[in-house]
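Here is upload-v7.txt, consisting of compact mmCIF, C-alpha atoms:
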# COMPACT_ATOMS: atom_id res chain seq x y z
CA MET A 298 0.00 0.00 0.00
CA LYS A 299 2.81 2.36 0.78
CA LYS A 300 4.28 1.91 -2.69
CA LYS A 301 0.87 2.50 -4.30
CA ARG A 302 0.47 5.73 -2.34
CA LEU A 303 3.95 6.82 -3.43
CA ILE A 304 3.20 6.13 -7.09
CA ALA A 305 -0.08 8.01 -6.82
CA ALA A 306 1.71 10.96 -5.27
CA CYS A 307 4.28 10.98 -8.06
CA LEU A 308 1.61 10.83 -10.74
CA ALA A 309 -0.29 13.64 -9.10
CA ALA A 310 2.82 15.78 -8.97
CA VAL A 311 3.52 15.30 -12.67
CA MET A 312 -0.08 15.97 -13.66
CA THR A 313 -0.58 19.08 -11.54
CA SER A 314 2.84 20.62 -11.71
CA ALA A 315 3.01 23.86 -13.67
CA LEU A 316 6.71 23.99 -12.97
CA ALA A 317 8.55 24.84 -16.16
CA LEU A 318 12.08 23.61 -15.66
CA THR A 319 13.36 26.46 -17.77
CA GLY A 320 12.50 28.75 -14.89
CA CYS A 321 15.03 27.02 -12.74
CA GLY A 322 17.80 28.36 -14.82
CA GLY A 323 19.10 24.89 -15.57
CA SER A 324 21.61 24.85 -18.38
CA GLY A 325 20.00 22.09 -20.38
CA SER A 326 16.45 23.31 -20.29
CA SER A 327 15.66 25.25 -23.44
CA SER A 328 16.72 28.05 -25.72
CA ASP A 329 16.32 30.25 -22.66
CA THR A 330 19.38 28.66 -21.17
CA ALA A 331 22.66 27.23 -22.35
CA GLY A 332 21.61 25.51 -25.52
CA SER A 333 19.40 23.11 -27.40
CA GLY A 334 19.64 20.49 -30.09
CA ALA A 335 19.82 16.99 -28.66
CA THR A 336 22.38 14.72 -30.23
CA GLY A 337 21.39 11.47 -28.52
CA LYS A 338 17.91 10.45 -27.45
CA ASP A 339 18.15 7.06 -25.76
CA THR A 340 15.31 6.36 -23.39
CA PRO A 341 16.00 4.64 -20.07
CA ALA A 342 14.64 1.38 -21.48
CA GLN A 343 16.91 1.60 -24.52
CA ALA A 344 19.89 2.27 -22.32
CA ALA A 345 19.20 -0.89 -20.38
CA ASP A 346 19.58 -2.77 -23.67
CA GLY A 347 22.86 -1.09 -24.48
CA GLY A 348 21.51 2.08 -26.09
CA GLY A 349 22.84 4.51 -23.50
CA GLU A 350 26.24 6.17 -23.29
CA SER A 351 28.82 4.54 -21.05
CA ALA A 352 32.49 4.87 -20.35
CA SER A 353 34.79 2.53 -22.17
CA GLY A 354 36.15 -0.39 -20.21
CA GLY A 355 35.83 -0.55 -16.44
CA SER A 356 34.59 -3.18 -14.03
CA GLY A 357 32.75 -3.42 -10.75
CA LYS A 358 29.23 -2.51 -9.70
CA GLU A 359 27.29 -0.44 -12.18
CA VAL A 360 26.35 3.15 -11.31
CA VAL A 361 23.72 4.58 -13.66
CA ILE A 362 23.13 8.34 -13.89
CA TRP A 363 20.20 10.02 -15.61
CA ASP A 364 20.59 13.47 -17.13
CA TYR A 365 18.88 15.65 -19.74
CA PHE A 366 22.03 17.26 -21.15
CA GLU A 367 21.66 18.09 -24.83
CA THR A 368 24.47 20.33 -26.02
CA ASP A 369 27.77 18.90 -27.20
CA ALA A 370 29.61 20.72 -24.42
CA GLN A 371 27.32 19.30 -21.74
CA ARG A 372 27.61 15.76 -23.04
CA GLU A 373 31.37 16.07 -23.37
CA MET A 374 31.55 17.28 -19.77
CA MET A 375 29.47 14.37 -18.53
CA GLN A 376 31.46 11.74 -20.38
CA THR A 377 34.77 13.21 -19.20
CA LEU A 378 33.45 13.22 -15.63
CA ILE A 379 32.38 9.59 -15.87
CA ASP A 380 35.65 8.50 -17.48
CA GLY A 381 37.55 10.20 -14.69
CA PHE A 382 35.49 8.48 -12.02
CA ASN A 383 35.89 5.07 -13.63
CA ALA A 384 39.65 5.54 -13.92
CA SER A 385 39.94 6.67 -10.29
CA GLN A 386 38.87 3.34 -8.76
CA ASP A 387 37.92 -0.22 -9.71
CA SER A 388 34.89 -0.88 -7.48
CA PHE A 389 32.31 0.81 -9.70
CA THR A 390 31.64 1.52 -13.36
CA ALA A 391 29.51 4.55 -14.08
CA SER A 392 27.45 5.28 -17.18
CA HIS A 393 24.86 7.90 -18.03
CA VAL A 394 21.54 7.85 -19.82
CA TYR A 395 20.00 10.76 -21.70
CA VAL A 396 16.33 11.34 -20.85
CA PRO A 397 14.54 14.02 -22.92
CA PHE A 398 14.02 17.12 -20.82
CA SER A 399 10.29 17.30 -21.46
CA ASP A 400 9.86 13.70 -20.26
CA TYR A 401 12.17 13.83 -17.27
CA GLU A 402 9.66 13.88 -14.40
CA LYS A 403 7.38 11.47 -16.26
CA GLN A 404 10.22 8.96 -16.65
CA LEU A 405 11.05 9.28 -12.96
CA THR A 406 7.42 8.53 -12.14
CA LEU A 407 7.38 5.51 -14.44
CA GLY A 408 10.62 4.38 -12.83
CA VAL A 409 9.03 4.51 -9.40
CA ALA A 410 6.14 2.39 -10.69
CA SER A 411 8.39 -0.19 -12.40
CA GLY A 412 11.21 -0.20 -9.89
CA GLU A 413 13.68 0.58 -12.69
CA LEU A 414 15.54 3.67 -11.54
CA PRO A 415 19.10 4.90 -11.87
CA ASP A 416 21.47 5.34 -8.95
CA ILE A 417 21.79 9.09 -9.42
CA VAL A 418 19.41 11.65 -10.89
CA ILE A 419 20.65 15.03 -12.11
CA MET A 420 17.75 17.46 -11.97
CA ASP A 421 16.86 21.10 -11.53
CA GLY A 422 17.39 22.20 -7.96
CA CYS A 423 13.93 23.72 -7.56
CA GLY A 424 12.24 20.37 -8.26
CA MET A 425 14.23 18.22 -5.85
CA ALA A 426 12.21 18.91 -2.70
CA SER A 427 9.04 17.42 -4.14
CA PHE A 428 10.84 14.19 -5.01
CA ILE A 429 12.53 14.03 -1.61
CA SER A 430 9.06 14.20 -0.07
CA MET A 431 7.98 11.32 -2.32
CA ASP A 432 10.78 9.17 -0.89
CA LEU A 433 12.59 8.90 -4.23
CA PHE A 434 15.94 9.93 -2.76
CA GLY A 435 17.84 8.34 0.11
CA ASP A 436 19.66 9.91 3.06
CA ILE A 437 23.40 10.09 2.34
CA SER A 438 24.41 12.19 5.33
CA ASP A 439 27.07 9.60 6.18
CA ALA A 440 28.89 10.10 2.85
CA ASN A 441 32.43 11.46 2.92
CA ILE A 442 31.47 14.86 1.51
CA LYS A 443 32.67 18.29 2.62
CA TRP A 444 29.17 19.63 3.27
CA ASP A 445 30.29 22.91 4.83
CA GLU A 446 32.26 23.95 1.73
CA TYR A 447 29.16 24.40 -0.42
CA LEU A 448 27.33 27.64 -0.99
CA ALA A 449 24.46 27.73 1.48
CA GLY A 450 21.65 28.29 -1.02
CA PRO A 451 22.45 25.40 -3.39
CA MET A 452 23.12 23.04 -0.48
CA GLU A 453 19.78 23.89 1.10
CA SER A 454 17.98 22.75 -2.05
CA THR A 455 19.40 19.20 -1.59
CA MET A 456 18.28 18.85 2.02
CA MET A 457 15.15 18.25 4.06
CA ASP A 458 14.77 18.05 7.84
CA GLY A 459 18.52 18.33 8.27
CA LYS A 460 19.31 15.31 6.10
CA HIS A 461 21.34 15.25 2.89
CA TYR A 462 19.84 13.59 -0.19
CA GLY A 463 22.43 14.66 -2.73
CA ILE A 464 24.79 17.50 -3.54
CA PRO A 465 24.56 20.57 -5.78
CA PHE A 466 25.98 19.94 -9.24
CA ALA A 467 25.94 23.34 -10.92
CA THR A 468 24.61 26.70 -9.86
CA ASN A 469 23.71 30.04 -11.37
CA CYS A 470 21.58 33.10 -10.74
CA THR A 471 20.46 36.29 -12.43
CA ALA A 472 22.24 39.64 -12.19
CA LEU A 473 22.04 43.06 -13.87
CA TYR A 474 23.34 43.49 -17.43
CA TYR A 475 23.82 47.04 -18.68
CA ASN A 476 24.69 48.60 -22.04
CA LYS A 477 27.82 50.69 -21.46
CA ASP A 478 27.43 52.73 -24.65
CA MET A 479 23.93 53.83 -23.67
CA PHE A 480 25.13 54.84 -20.20
CA ASP A 481 28.08 56.72 -21.69
CA ALA A 482 25.87 58.57 -24.19
CA ALA A 483 23.55 59.65 -21.37
CA GLY A 484 26.46 60.66 -19.13
CA ILE A 485 25.33 58.27 -16.40
CA ALA A 486 27.67 56.30 -14.14
CA TYR A 487 27.43 52.53 -14.50
CA PRO A 488 25.43 50.61 -11.89
CA ASP A 489 27.48 48.78 -9.26
CA GLU A 490 27.16 47.08 -5.88
CA ASN A 491 26.18 50.39 -4.25
CA THR A 492 23.27 51.07 -6.62
CA THR A 493 19.99 51.41 -4.76
CA TRP A 494 16.44 51.07 -6.01
CA ASP A 495 16.16 54.85 -6.19
CA ASP A 496 19.37 55.05 -8.23
CA PHE A 497 18.20 52.23 -10.47
CA ARG A 498 14.85 53.88 -11.05
CA GLU A 499 16.47 57.18 -12.04
CA MET A 500 18.89 55.39 -14.36
CA ALA A 501 16.07 53.52 -16.08
CA LYS A 502 14.01 56.71 -16.44
CA ALA A 503 16.91 58.65 -17.97
CA LEU A 504 17.73 55.84 -20.42
CA THR A 505 14.13 55.38 -21.62
CA LYS A 506 13.93 57.23 -24.94
CA ASP A 507 13.92 56.75 -28.69
CA GLY A 508 12.22 53.36 -28.45
CA VAL A 509 14.55 52.08 -25.74
CA TYR A 510 13.29 50.92 -22.36
CA GLY A 511 15.50 51.44 -19.34
CA PHE A 512 14.98 47.95 -18.00
CA GLY A 513 13.31 44.61 -18.67
CA ASN A 514 13.12 41.16 -17.15
CA ALA A 515 11.16 37.93 -17.68
CA GLY A 516 7.69 38.32 -16.17
CA THR A 517 5.89 35.58 -18.07
CA ASN A 518 3.17 33.82 -16.10
CA THR A 519 5.18 30.63 -15.49
CA ASP A 520 7.83 29.54 -13.03
CA GLU A 521 10.33 31.19 -15.36
CA GLY A 522 8.72 34.49 -14.43
CA THR A 523 8.85 33.58 -10.74
CA PHE A 524 12.55 32.84 -11.13
CA GLN A 525 13.18 36.41 -12.25
CA CYS A 526 10.56 38.32 -10.24
CA LEU A 527 10.81 36.71 -6.80
CA GLN A 528 14.19 38.35 -6.17
CA TRP A 529 12.53 41.77 -5.95
CA LEU A 530 10.12 40.53 -3.29
CA TYR A 531 12.94 39.15 -1.14
CA THR A 532 15.03 42.31 -1.52
CA ALA A 533 12.01 44.32 -0.30
CA GLY A 534 11.79 42.18 2.85
CA GLY A 535 9.29 39.52 1.84
CA SER A 536 9.60 35.83 1.08
CA TYR A 537 7.68 33.16 -0.80
CA THR A 538 5.53 32.55 2.27
CA ASP A 539 5.48 36.11 3.63
CA ILE A 540 4.31 38.33 0.79
CA GLU A 541 2.96 41.50 2.40
CA PRO A 542 6.27 42.68 3.94
CA GLY A 543 7.59 42.83 0.36
CA VAL A 544 4.86 45.12 -0.98
CA ASP A 545 7.46 47.76 -1.89
CA ALA A 546 8.64 45.46 -4.68
CA TYR A 547 5.14 45.52 -6.13
CA LYS A 548 5.11 49.31 -5.87
CA LEU A 549 8.47 49.64 -7.64
CA MET A 550 7.41 47.41 -10.51
CA GLN A 551 4.04 49.07 -11.06
CA GLU A 552 5.35 52.61 -10.80
CA MET A 553 8.28 52.00 -13.17
CA ILE A 554 6.03 50.28 -15.70
CA ASN A 555 3.58 53.19 -15.50
CA GLU A 556 6.50 55.59 -16.00
CA GLY A 557 7.49 53.63 -19.10
CA SER A 558 11.01 52.79 -17.89
CA TRP A 559 10.31 49.13 -17.04
CA ALA A 560 9.12 47.47 -20.24
CA LYS A 561 5.40 46.75 -20.00
CA ASP A 562 5.73 43.75 -22.32
CA VAL A 563 7.68 41.78 -19.72
CA VAL A 564 4.46 40.02 -18.68
CA ASN A 565 4.83 38.00 -21.89
CA TRP A 566 8.62 37.77 -22.07
CA THR A 567 10.73 34.70 -21.45
CA GLN A 568 14.38 35.03 -20.52
CA SER A 569 15.36 34.61 -24.17
CA ASP A 570 12.94 37.37 -25.17
CA VAL A 571 14.57 39.70 -22.65
CA ASN A 572 18.05 38.89 -23.89
CA ASN A 573 17.02 39.28 -27.54
CA ASN A 574 15.74 42.77 -26.78
CA PHE A 575 18.96 43.60 -24.93
CA LYS A 576 21.06 42.39 -27.86
CA ALA A 577 18.92 44.39 -30.29
CA GLY A 578 19.42 47.60 -28.32
CA ASN A 579 15.82 47.82 -27.11
CA LEU A 580 16.81 47.59 -23.44
CA ALA A 581 19.48 49.58 -21.61
CA MET A 582 19.47 47.10 -18.72
CA GLN A 583 18.24 43.54 -18.34
CA GLN A 584 18.00 41.00 -15.55
CA ASN A 585 19.32 37.68 -16.80
CA GLY A 586 21.70 34.81 -16.19
CA PRO A 587 25.17 33.76 -17.39
CA TRP A 588 23.69 31.25 -19.84
CA GLN A 589 22.89 34.24 -22.09
CA ILE A 590 26.56 35.17 -22.53
CA PRO A 591 27.21 32.73 -25.44
CA SER A 592 24.19 34.11 -27.28
CA ILE A 593 25.46 37.69 -26.91
CA GLU A 594 28.94 36.68 -28.06
CA ALA A 595 27.54 34.88 -31.11
CA ASP A 596 24.86 37.36 -32.18
CA ALA A 597 26.15 40.70 -30.91
CA PRO A 598 29.95 40.36 -30.57
CA ASP A 599 30.44 44.13 -30.61
CA LEU A 600 27.93 44.83 -27.84
CA ASN A 601 29.71 46.88 -25.16
CA TYR A 602 28.11 45.67 -21.93
CA GLY A 603 28.83 44.95 -18.30
CA VAL A 604 27.25 42.92 -15.51
CA THR A 605 26.88 43.79 -11.85
CA VAL A 606 24.81 42.67 -8.87
CA LEU A 607 21.14 43.57 -8.74
CA PRO A 608 20.23 46.89 -7.07
CA LYS A 609 19.74 46.86 -3.30
CA ARG A 610 16.76 48.28 -1.41
CA ASP A 611 18.53 51.33 0.01
CA ALA A 612 21.95 52.59 1.05
CA ASN A 613 21.76 50.90 4.46
CA ALA A 614 20.75 47.51 3.08
CA GLY A 615 23.07 44.66 2.26
CA GLN A 616 23.56 43.24 -1.20
CA ALA A 617 20.32 42.36 -2.96
CA THR A 618 19.42 38.72 -3.18
CA SER A 619 18.96 36.73 -6.37
CA ILE A 620 17.25 33.41 -7.02
CA LEU A 621 19.24 30.27 -7.67
CA GLY A 622 19.07 28.14 -10.76
CA GLY A 623 21.10 25.09 -11.65
CA GLU A 624 21.13 21.36 -11.08
CA ASN A 625 21.54 18.94 -8.19
CA MET A 626 22.65 15.31 -8.09
CA GLY A 627 20.21 13.24 -6.03
CA ALA A 628 21.04 9.75 -4.75
CA VAL A 629 18.13 7.39 -5.46
CA LYS A 630 16.97 5.42 -2.43
CA LYS A 631 18.13 1.81 -2.74
CA ASP A 632 19.30 -1.00 -0.48
CA ASP A 633 22.83 -0.46 -1.80
CA MET A 634 23.72 3.20 -2.34
CA SER A 635 27.48 2.75 -2.20
CA GLY A 636 27.95 3.50 -5.90
CA ALA A 637 25.95 6.70 -5.75
CA LYS A 638 27.90 7.87 -2.71
CA ALA A 639 31.21 7.05 -4.39
CA PHE A 640 30.35 9.11 -7.47
CA LEU A 641 29.16 12.08 -5.40
CA GLU A 642 32.33 11.88 -3.30
CA TYR A 643 34.36 11.96 -6.53
CA TYR A 644 32.54 15.04 -7.80
CA ASP A 645 32.96 16.67 -4.39
CA GLN A 646 36.67 17.12 -5.15
CA THR A 647 37.28 20.77 -5.97
CA GLU A 648 39.56 20.13 -8.94
CA VAL A 649 37.05 17.71 -10.49
CA MET A 650 34.18 20.15 -10.05
CA VAL A 651 36.14 23.08 -11.49
CA GLU A 652 37.10 21.24 -14.66
CA ALA A 653 33.54 19.97 -15.18
CA MET A 654 32.00 23.42 -14.80
CA LYS A 655 34.47 25.04 -17.19
CA THR A 656 33.12 22.78 -19.92
CA TYR A 657 29.54 22.90 -18.72
CA GLY A 658 29.30 26.69 -18.74
CA SER A 659 27.94 27.22 -15.25
CA PHE A 660 29.39 27.93 -11.80
CA PRO A 661 30.64 25.39 -9.26
CA PRO A 662 28.50 25.31 -6.11
CA LYS A 663 31.45 25.15 -3.70
CA THR A 664 32.94 28.34 -2.29
CA GLU A 665 36.55 27.35 -2.97
CA ALA A 666 35.83 26.08 -6.47
CA ALA A 667 33.94 29.24 -7.39
CA GLN A 668 37.02 31.29 -6.54
CA ASP A 669 39.06 29.67 -9.31
CA SER A 670 40.75 32.29 -11.51
CA TYR A 671 38.83 31.00 -14.53
CA TRP A 672 35.81 32.84 -13.15
CA THR A 673 37.26 35.50 -10.87
CA ASP A 674 39.60 36.96 -13.53
CA ASP A 675 36.70 37.59 -15.92
CA PRO A 676 34.73 40.67 -14.76
CA ILE A 677 31.49 39.39 -16.27
CA GLN A 678 31.76 35.98 -14.63
CA ALA A 679 33.02 37.51 -11.38
CA ALA A 680 29.86 39.61 -11.11
CA PHE A 681 27.73 36.47 -11.13
CA ILE A 682 30.01 34.83 -8.55
CA LYS A 683 29.48 37.85 -6.29
CA GLN A 684 25.71 37.72 -6.83
CA LEU A 685 25.71 34.04 -5.88
CA GLU A 686 26.85 35.02 -2.37
CA THR A 687 23.34 36.27 -1.57
CA SER A 688 21.32 33.99 -3.83
CA ILE A 689 18.68 31.65 -2.44
CA PRO A 690 16.63 28.71 -3.72
CA ARG A 691 12.94 28.88 -4.41
CA GLY A 692 11.40 27.13 -1.45
CA PRO A 693 12.58 24.51 -1.08
CA SER A 694 9.10 23.06 -0.75
CA PRO A 695 7.33 19.97 -2.08
CA ALA A 696 4.47 22.34 -2.94
CA TRP A 697 6.68 24.74 -4.88
CA PRO A 698 4.67 24.59 -8.16
CA THR A 699 1.57 25.78 -6.29
CA TYR A 700 3.48 28.52 -4.52
CA SER A 701 5.03 29.63 -7.80
CA SER A 702 1.67 29.85 -9.54
CA ALA A 703 0.15 31.96 -6.75
CA ILE A 704 3.18 34.25 -6.54
CA GLN A 705 3.45 34.86 -10.27
CA THR A 706 -0.26 35.61 -10.49
CA GLY A 707 0.37 38.42 -8.02
CA PHE A 708 3.24 39.80 -10.07
CA GLN A 709 1.11 39.69 -13.22
CA GLU A 710 -1.67 41.61 -11.48
CA VAL A 711 0.80 44.28 -10.37
CA MET A 712 2.61 44.61 -13.69
CA THR A 713 -0.64 44.95 -15.63
CA SER A 714 -2.13 47.31 -13.00
CA THR A 715 -5.07 44.95 -12.56
CA LYS A 716 -4.71 45.50 -8.82
CA THR A 717 -2.98 47.99 -6.59
CA PRO A 718 0.26 46.77 -4.99
CA GLU A 719 -1.45 46.60 -1.61
CA GLN A 720 -4.41 44.56 -2.88
CA ALA A 721 -2.18 42.23 -4.89
CA ALA A 722 0.04 41.64 -1.84
CA LYS A 723 -2.99 40.94 0.34
CA ASP A 724 -4.55 38.53 -2.15
CA THR A 725 -1.26 36.75 -2.87
CA GLN A 726 -0.65 36.37 0.85
CA ALA A 727 -4.06 34.72 1.21
CA ALA A 728 -3.28 32.42 -1.71
CA VAL A 729 0.04 31.21 -0.30
CA ASP A 730 -1.43 30.89 3.20
CA ALA A 731 -4.00 28.49 1.78
CA ILE A 732 -1.33 26.13 0.42
CA GLN A 733 -1.04 22.97 2.51
Encoded form using structure tokens:
Amino acid sequence: MKKKRLIAACLAAVMTSALALTGCGGSGSSSDTAGSGATGKDTPAQAADGGGESASGGSGKEVVIWDYFETDAQREMMQTLIDGFNASQDSFTASHVYVPFSDYEKQLTLGVASGELPDIVIMDGCGMASFISMDLFGDISDANIKWDEYLAGPMESTMMDGKHYGIPFATNCTALYYNKDMFDAAGIAYPDENTTWDDFREMAKALTKDGVYGFGNAGTNTDEGTFQCLQWLYTAGGSYTDIEPGVDAYKLMQEMINEGSWAKDVVNWTQSDVNNNFKAGNLAMQQNGPWQIPSIEADAPDLNYGVTVLPKRDANAGQATSILGGENMGAVKKDDMSGAKAFLEYYDQTEVMVEAMKTYGSFPPKTEAAQDSYWTDDPIQAAFIKQLETSIPRGPSPAWPTYSSAIQTGFQEVMTSTKTPEQAAKDTQAAVDAIQ
């Protein structure tokens, strides 16, 4: 009976979830992130018959990893990581299976029903809590992993009730891009870590002219919009369960949109839409993530831009928060989890993580690894590393999709002036309070 209840819970989660994994900022999710264009499409069943990718040679117990990585760089990274693990010891042989991104949660659910599951699942961090609550992942708190070396936000997304169910794999967040040429032409100093909301608002107002908006972000009515909008609520003093203290974020959005300096079309924009407008010169500033850098380099190589942390509430406030994206590695609950633990312990090594993330195109989730010169010597990358210091996960909560829907409805009502900031905050608070 317990297994039947678990399967029913999994099926319900897949059917009711409005969680778009693109909103998590994961690098393999869509054109909104690091890339698209799958090169191998083996299903889990095909992989069991030899259709999946595996490292050459090796012996010992099999360790199977599921991922949804589609770009050549991502797949190269994963194979190199697996080859390194297999060469480092002779007790286990790892291999990985590509599962199409759109089918990922469905395949996990079918795996629960059939009992055919991998040893490790790589998945978006914001979705892990719901699967922990379904008992898919096992407690690996006794693994030989340097838990305290990880960034707090990413690590929190792998935990529940003080127990560890995996480790962060890759992490990212959004920050503030700005067009240097537009700032120079207007005689305005570039935004930096001291920029307040008042400063930001004046910058955006001064830069809004000749068909150019001062600022834009992704406000689409999906979890992708929550990923980009929730930061403003936290910076104002609210949280995903405590909406009303963050009402000033609603006021800022509505007032800037009414002034014309925050693009009104953001209610329909994805993260790619925002970046496309920034590349085209329609936005002086955008909120976006590091996965957009390759697109800018390819399509607008002469664009003179910078990146800094998001504006803070006021001069006395600390650095503004941002919302985490990226992937985790979860250890599937099994009688024998030694292989999963061994692989996670291998990835826990700083030098292994650094080399993997250089190829992957994201940031390592460990403090020491993130300070590698590969990232810190590049001013664009360094800005994202600094923003990560105050970035937090959405939730984590098994009910995150429901929270996200309620929260983004509130943002939509504010940005379209359907409701006053105060009424939207009150109604959104009631909606999240009703979530069990």
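If you look at atom CA of Pro465 of chain A and atom CA of Ser427 of chain A, they are 15.9 Å away from each other.
Picture a line from atom CA of Thr492 of chain A to atom CA of Val606 of chain A; it runs 8.8 Å.
The gap separating atom CA of Ile689 of chain A from atom CA of Gly622 of chain A is 9.0 Å, in Å to one decimal.
Remark: for Cys423 of chain A, the closest of the candidate residues A:Pro662, A:Gly450, A:Gly381, A:Gly484 is A:Gly450 (distances computed over all atoms listed in the file).
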Considering all atoms listed in the file, tabulate each residue of segment 383-494 of chain A that lies at most 12 Å from segment 526-547 of chain A along with its nearest interatomic pair and the corresponding distance in Å to one decimal; arrange the rows by chain and ascending residue number and present them as CSV.
residue,atom,partner,partner_atom,distance
A:Cys470,CA,A:Gln528,CA,10.2
A:Thr471,CA,A:Gln528,CA,9.1
A:Ala472,CA,A:Gln528,CA,10.1
A:Leu473,CA,A:Gln528,CA,12.0
A:Thr493,CA,A:Thr532,CA,10.9
A:Trp494,CA,A:Ala546,CA,9.7
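With all atoms listed in the file as the basis for measurement, A:Leu378 is the residue among A:Leu378, A:Ala727, A:Ala680, A:Val509 that approaches Tyr644 of chain A most closely.
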**Report entry** Contacts of Asp496 of chain A within 12 Å, all atoms listed in the file, excl. fewer than 6 positions in-chain, as a ChimeraX atom specification
**Finding:** /A:485-490,502-503,607-612
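Of the listed residues A:Gln709, A:Val604, A:Ser688, A:Ala696, the one whose atoms come nearest to Glu453 of chain A is A:Ser688, with distances taken using all atoms listed in the file.
Comparing A:Ala410, A:Thr717, A:Asp436, A:Pro690 by their smallest distance to Glu552 of chain A, the closest is A:Thr717 (using all atoms listed in the file).
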Requested in this report: Considering all atoms listed in the file, return as a PyMOL selection string whatever protein or nucleic-acid residues lie within 12 Å of Thr390 of chain A, sequence-local ones (same chain, fewer than 2 positions apart) excluded.
Outcome: chain A and resi 351-362+379-388+392-393+416+635-637+639-640
Pull C-alpha atoms from the residues just selected and write them as a short mmCIF file (atom, residue, chain, number, x, y, z; two decimals), in the frame of the given file.
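again.cif was written with the following content:
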data_model
loop_
_atom_site.label_atom_id
_atom_site.label_comp_id
_atom_site.auth_asym_id
_atom_site.auth_seq_id
_atom_site.Cartn_x
_atom_site.Cartn_y
_atom_site.Cartn_z
CA SER A 351 28.82 4.54 -21.05
CA ALA A 352 32.49 4.87 -20.35
CA SER A 353 34.79 2.53 -22.17
CA GLY A 354 36.15 -0.39 -20.21
CA GLY A 355 35.83 -0.55 -16.44
CA SER A 356 34.59 -3.18 -14.03
CA GLY A 357 32.75 -3.42 -10.75
CA LYS A 358 29.23 -2.51 -9.70
CA GLU A 359 27.29 -0.44 -12.18
CA VAL A 360 26.35 3.15 -11.31
CA VAL A 361 23.72 4.58 -13.66
CA ILE A 362 23.13 8.34 -13.89
CA ILE A 379 32.38 9.59 -15.87
CA ASP A 380 35.65 8.50 -17.48
CA GLY A 381 37.55 10.20 -14.69
CA PHE A 382 35.49 8.48 -12.02
CA ASN A 383 35.89 5.07 -13.63
CA ALA A 384 39.65 5.54 -13.92
CA SER A 385 39.94 6.67 -10.29
CA GLN A 386 38.87 3.34 -8.76
CA ASP A 387 37.92 -0.22 -9.71
CA SER A 388 34.89 -0.88 -7.48
CA SER A 392 27.45 5.28 -17.18
CA HIS A 393 24.86 7.90 -18.03
CA ASP A 416 21.47 5.34 -8.95
CA SER A 635 27.48 2.75 -2.20
CA GLY A 636 27.95 3.50 -5.90
CA ALA A 637 25.95 6.70 -5.75
CA ALA A 639 31.21 7.05 -4.39
CA PHE A 640 30.35 9.11 -7.47
#
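The nearest approach to Glu373 of chain A among the residues A:Ser592, A:Asn585, A:Thr656, A:Gln720, with all atoms listed in the file taken into account, belongs to A:Thr656.
Residues in contact with Trp672 of chain A at up to 10 Å, not including ones fewer than 3 positions away on its chain and judged by only C-alpha atoms, are A:Val651, A:Lys655, A:Ser659, A:Phe660, A:Pro661, A:Ala666, A:Ala667, A:Gln668, A:Asp669, A:Asp675, A:Pro676, A:Ile677, A:Gln678, A:Ala679, A:Ala680, A:Phe681, A:Ile682.
Candidate residues A:Thr523, A:Ser430, A:Ser411, A:Ser619 were compared for distance to Met456 of chain A, and the nearest is A:Ser430, using only C-alpha atoms.
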Requested in this report: Using all atoms listed in the file, determine which residues lie at most 8 Å from Asn601 of chain A, disregarding the query and same-chain residues fewer than 6 positions distant; provide the list as a list in words.
Outcome: Asn476, Lys477 and Asp478 of chain A
Report task. Tell me, as a ChimeraX atom specification, which residues lie within 12 Å of Asp458 of chain A, counting all atoms listed in the file; anything in the same chain fewer than 6 positions away does not count. Result -> /A:426,429-430,436,438,693-694
Residues proximal to (14.5, 41.7, -28.1) were defined as those with any atom within 12 Å of that point in the file's coordinates, counting only C-alpha atoms. Which are they, as a tab-separated table (two decimals) with C-alpha atoms, keeping the file's coordinate frame?
chain	number	residue	atom	x	y	z
A	508	GLY	CA	12.22	53.36	-28.45
A	509	VAL	CA	14.55	52.08	-25.74
A	510	TYR	CA	13.29	50.92	-22.36
A	512	PHE	CA	14.98	47.95	-18.00
A	513	GLY	CA	13.31	44.61	-18.67
A	514	ASN	CA	13.12	41.16	-17.15
A	515	ALA	CA	11.16	37.93	-17.68
A	560	ALA	CA	9.12	47.47	-20.24
A	562	ASP	CA	5.73	43.75	-22.32
A	563	VAL	CA	7.68	41.78	-19.72
A	566	TRP	CA	8.62	37.77	-22.07
A	567	THR	CA	10.73	34.70	-21.45
A	568	GLN	CA	14.38	35.03	-20.52
A	569	SER	CA	15.36	34.61	-24.17
A	570	ASP	CA	12.94	37.37	-25.17
A	571	VAL	CA	14.57	39.70	-22.65
A	572	ASN	CA	18.05	38.89	-23.89
A	573	ASN	CA	17.02	39.28	-27.54
A	574	ASN	CA	15.74	42.77	-26.78
A	575	PHE	CA	18.96	43.60	-24.93
A	576	LYS	CA	21.06	42.39	-27.86
A	577	ALA	CA	18.92	44.39	-30.29
A	578	GLY	CA	19.42	47.60	-28.32
A	579	ASN	CA	15.82	47.82	-27.11
A	580	LEU	CA	16.81	47.59	-23.44
A	581	ALA	CA	19.48	49.58	-21.61
A	582	MET	CA	19.47	47.10	-18.72
A	583	GLN	CA	18.24	43.54	-18.34
A	593	ILE	CA	25.46	37.69	-26.91
A	596	ASP	CA	24.86	37.36	-32.18
